[in-house]
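One structure is given here, and the rest of the page talks about it.
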Amino acid sequence: MFALYTLAHEGTFDAPMTGDSIRVDIPVAVDGLGTQMIAGWLAVPESKRDNTLQLLVHGIVYSHKYWDFPYKPEIYSYIDFALANKCSTLAIDQLGVGESSRPPGASVTFPAIAQALHGVVEYVRTNGLAGHTFDRVVLVGHSGGSMTCGLEESRYHDVDAVVLTGMLGPNTSGIVDSDPRIKAAFVPASSDPLLAGRPGLDDPDYLTVIPEARIPMFFRQPPAEPELIAVDESLKEIMTTGQWTTFGAAAEACGHIACPTLVVNGRYDTFFYDPTTEPDISDVIARAQAAAPANYTFVPLFDEMAHNLNQHPGAPQVYRAIQDWIRAQPTLA
């Protein structure tokens with residue numbers, strides 16, 4: 001049976017700091033697409049706590065900036081928090097996103113994205129990055145990025161631990177291939193003035209979320225800051241029809257991860273249930289916990305947070321919970 005993790009905060013954590021990231025480009029092989037390039041931003045503290053790399057995987061319509069948000073980074077940058085606590089991170093743009101390769105959108109499915117992530121893990125283990133080598137790799141995902149992490153680990157079994165944020169883990173039956181909610185909230189990226197003209201986004205299989213859907217989908221307001229939401233909208237990215245048609249399989253894989261796995265959610269995250277038929281997420285989480293194998297750990301729900309945990313004022317509590325858990329894993333010591 002799953003574990004319920006108590007937030008003891010026994011470790012000593014420093015105040016957040018700003019650190020520099022090193023841009024790295026990682027070649028990966030993807031079936032049917034040949035060699036693709038994954039852009040990443042590596043942040044290594046001067047004095048590392050250990051030789052573990054946290055590989056950060058953003059969700060749909062986001063990029064690596066979800067983990068290093070440019071508004072009030074002392075609160076909203078996971079990377080700055082990790083650096084302050086002597087932890088190394090690699091934040092990537094997933095296949096098709098930002099500065100990574102952009103193949104035809106219909107081909108950018110969750111299996112393809114997961115294979116690209118597997119290529120990143122293999123590259124790190126074989127070659128290191130920018131002169132740094134790492135003994136252990138932890139995948140830290142958010143939302144659709146958590147689905148990518150779950151699918152990657154369940155297929156390739158090549159990482160030491162997985163952190164799923166904005167994701168239920170087991171019992172994700174509410175997420176299906178070609179989810180109709182996506183059709184209602186997304187439009188071709190080329191029709192959005194913020195994205196029109198970017199290379200490759202004239203492909204109608206690249207989509208983005210409509211502005212009026214963004215707040216109810218991702219935020220609880222208050223307490224989420226209006227200024228942060230405005231910055232978030234300005235940084236919006238894409239998803240693909242390939243992802244849309246493979247949502248269900250990726251979500252289902254999140255219940256079959258074999259290594260130590262942490263599940264982290266906000267109390268007001270409505271992405272994985274219908275608030276018109278259930279009072280809140282508590283019963284949904286309870287069902288996920290009941291279905292979880294022994295290697296899954298659940299953090300108690302974070303109050304006053306919706307789907308985007310990193311973008312609510314209590315975000316450092318989430319960061320601390322993740323770092324505490326990683327530190328507590330015997331295989332990562």
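How things are named: the first chain in the structure tokens is A, the next is B, and so on; residues count from 1 in each chain; ligands count from 1 in the order shown.
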Contacts of region 302-321 of chain A with region 269-272 of chain A up to 9 Å, shortest pair per row, only C-alpha atoms, as JSON lines:
{"residue": "A:Met305", "atom": "CA", "partner": "A:Asp269", "partner_atom": "CA", "distance": 7.1}
{"residue": "A:Ala306", "atom": "CA", "partner": "A:Asp269", "partner_atom": "CA", "distance": 4.1}
{"residue": "A:His307", "atom": "CA", "partner": "A:Asp269", "partner_atom": "CA", "distance": 4.5}
{"residue": "A:Asn308", "atom": "CA", "partner": "A:Asp269", "partner_atom": "CA", "distance": 8.2}
Find the nearest atom pair between each residue of region 75-103 of chain A and region 226-237 of chain A for residues within 10 Å, count only C-alpha atoms, give distances in Å to one decimal, sort rows by chain and ascending number, and present the table as a Markdown table.
| residue | atom | partner | partner_atom | distance |
| --- | --- | --- | --- | --- |
| A:Tyr76 | CA | A:Leu228 | CA | 9.4 |
| A:Gly96 | CA | A:Glu237 | CA | 9.9 |
| A:Val97 | CA | A:Glu237 | CA | 6.9 |
| A:Gly98 | CA | A:Glu237 | CA | 7.2 |
Close residues, Val176 (chain A) itself excluded, 10 Å, only C-alpha atoms, min 5 positions apart in chain, as a count of residues only: 9
Residue contacts of Asn265 (chain A) (12 Å, only C-alpha atoms) excluding same-chain residues fewer than 6 positions away, as JSON, numbers by chain: {"A": [141, 142, 143, 146, 163, 164, 165, 166, 167, 168, 169, 271, 272, 281, 282, 284, 285, 288, 297, 298, 299, 300, 301, 302, 303, 304, 305, 306, 307, 308, 309, 310, 315, 317, 318, 321, 322]}
Region 49-59 of chain A surroundings by only C-alpha atoms, 6 Å radius, close-in-sequence under 6 positions cut, as a PyMOL selection string: chain A and resi 86+88-91+134-145
Store the residues of this selection in a file with N, CA and C atoms, as a JSON list (two decimals), in the first residue's frame.
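Listed below is the output, selection-v9.json:
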[["chain", "number", "residue", "atom", "x", "y", "z"],
["A", 86, "LYS", "N", 21.61, 23.22, -2.64],
["A", 86, "LYS", "CA", 22.74, 22.44, -3.14],
["A", 86, "LYS", "C", 22.31, 21.26, -4.01],
["A", 88, "SER", "N", 21.23, 19.88, -7.93],
["A", 88, "SER", "CA", 21.42, 20.12, -9.36],
["A", 88, "SER", "C", 20.14, 19.83, -10.12],
["A", 89, "THR", "N", 19.84, 20.68, -11.11],
["A", 89, "THR", "CA", 18.64, 20.51, -11.92],
["A", 89, "THR", "C", 18.96, 20.66, -13.41],
["A", 90, "LEU", "N", 18.16, 19.98, -14.22],
["A", 90, "LEU", "CA", 18.16, 20.18, -15.66],
["A", 90, "LEU", "C", 16.71, 20.38, -16.08],
["A", 91, "ALA", "N", 16.37, 21.59, -16.48],
["A", 91, "ALA", "CA", 15.01, 21.89, -16.96],
["A", 91, "ALA", "C", 15.03, 21.85, -18.48],
["A", 134, "PHE", "N", 26.66, 12.64, -13.15],
["A", 134, "PHE", "CA", 25.67, 12.41, -12.10],
["A", 134, "PHE", "C", 25.47, 10.91, -11.91],
["A", 135, "ASP", "N", 25.37, 10.49, -10.65],
["A", 135, "ASP", "CA", 25.19, 9.08, -10.33],
["A", 135, "ASP", "C", 23.72, 8.66, -10.39],
["A", 136, "ARG", "N", 22.83, 9.61, -10.12],
["A", 136, "ARG", "CA", 21.41, 9.30, -10.03],
["A", 136, "ARG", "C", 20.59, 10.36, -10.75],
["A", 137, "VAL", "N", 19.44, 9.95, -11.29],
["A", 137, "VAL", "CA", 18.54, 10.85, -11.99],
["A", 137, "VAL", "C", 17.14, 10.70, -11.41],
["A", 138, "VAL", "N", 16.54, 11.83, -11.05],
["A", 138, "VAL", "CA", 15.15, 11.87, -10.58],
["A", 138, "VAL", "C", 14.34, 12.69, -11.58],
["A", 139, "LEU", "N", 13.25, 12.13, -12.08],
["A", 139, "LEU", "CA", 12.34, 12.89, -12.94],
["A", 139, "LEU", "C", 11.36, 13.66, -12.06],
["A", 140, "VAL", "N", 11.23, 14.95, -12.30],
["A", 140, "VAL", "CA", 10.27, 15.80, -11.59],
["A", 140, "VAL", "C", 9.36, 16.43, -12.64],
["A", 141, "GLY", "N", 8.11, 15.99, -12.68],
["A", 141, "GLY", "CA", 7.20, 16.45, -13.72],
["A", 141, "GLY", "C", 6.07, 17.29, -13.17],
["A", 142, "HIS", "N", 5.45, 18.03, -14.08],
["A", 142, "HIS", "CA", 4.22, 18.75, -13.74],
["A", 142, "HIS", "C", 3.17, 18.47, -14.80],
["A", 143, "SER", "N", 1.97, 18.06, -14.38],
["A", 143, "SER", "CA", 0.81, 17.92, -15.25],
["A", 143, "SER", "C", 1.14, 16.99, -16.43],
["A", 144, "GLY", "N", 1.03, 17.49, -17.67],
["A", 144, "GLY", "CA", 1.38, 16.68, -18.82],
["A", 144, "GLY", "C", 2.83, 16.20, -18.77],
["A", 145, "GLY", "N", 3.71, 16.99, -18.14],
["A", 145, "GLY", "CA", 5.09, 16.55, -17.94],
["A", 145, "GLY", "C", 5.17, 15.38, -16.98]]
From A:Lys65, A:His312, A:Lys48, A:Arg327, residue lying nearest Phe218 (chain A) [only C-alpha atoms]: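 So, comparing all the options, the nearest one is A:His312.
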Which residue of A:Cys254, A:Ala224, A:Ala114, A:Ala328 approaches Pro313 (chain A) most closely, using only C-alpha atoms: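 Ranked by minimum distance to Pro313 (chain A), first place goes to A:Ala224.
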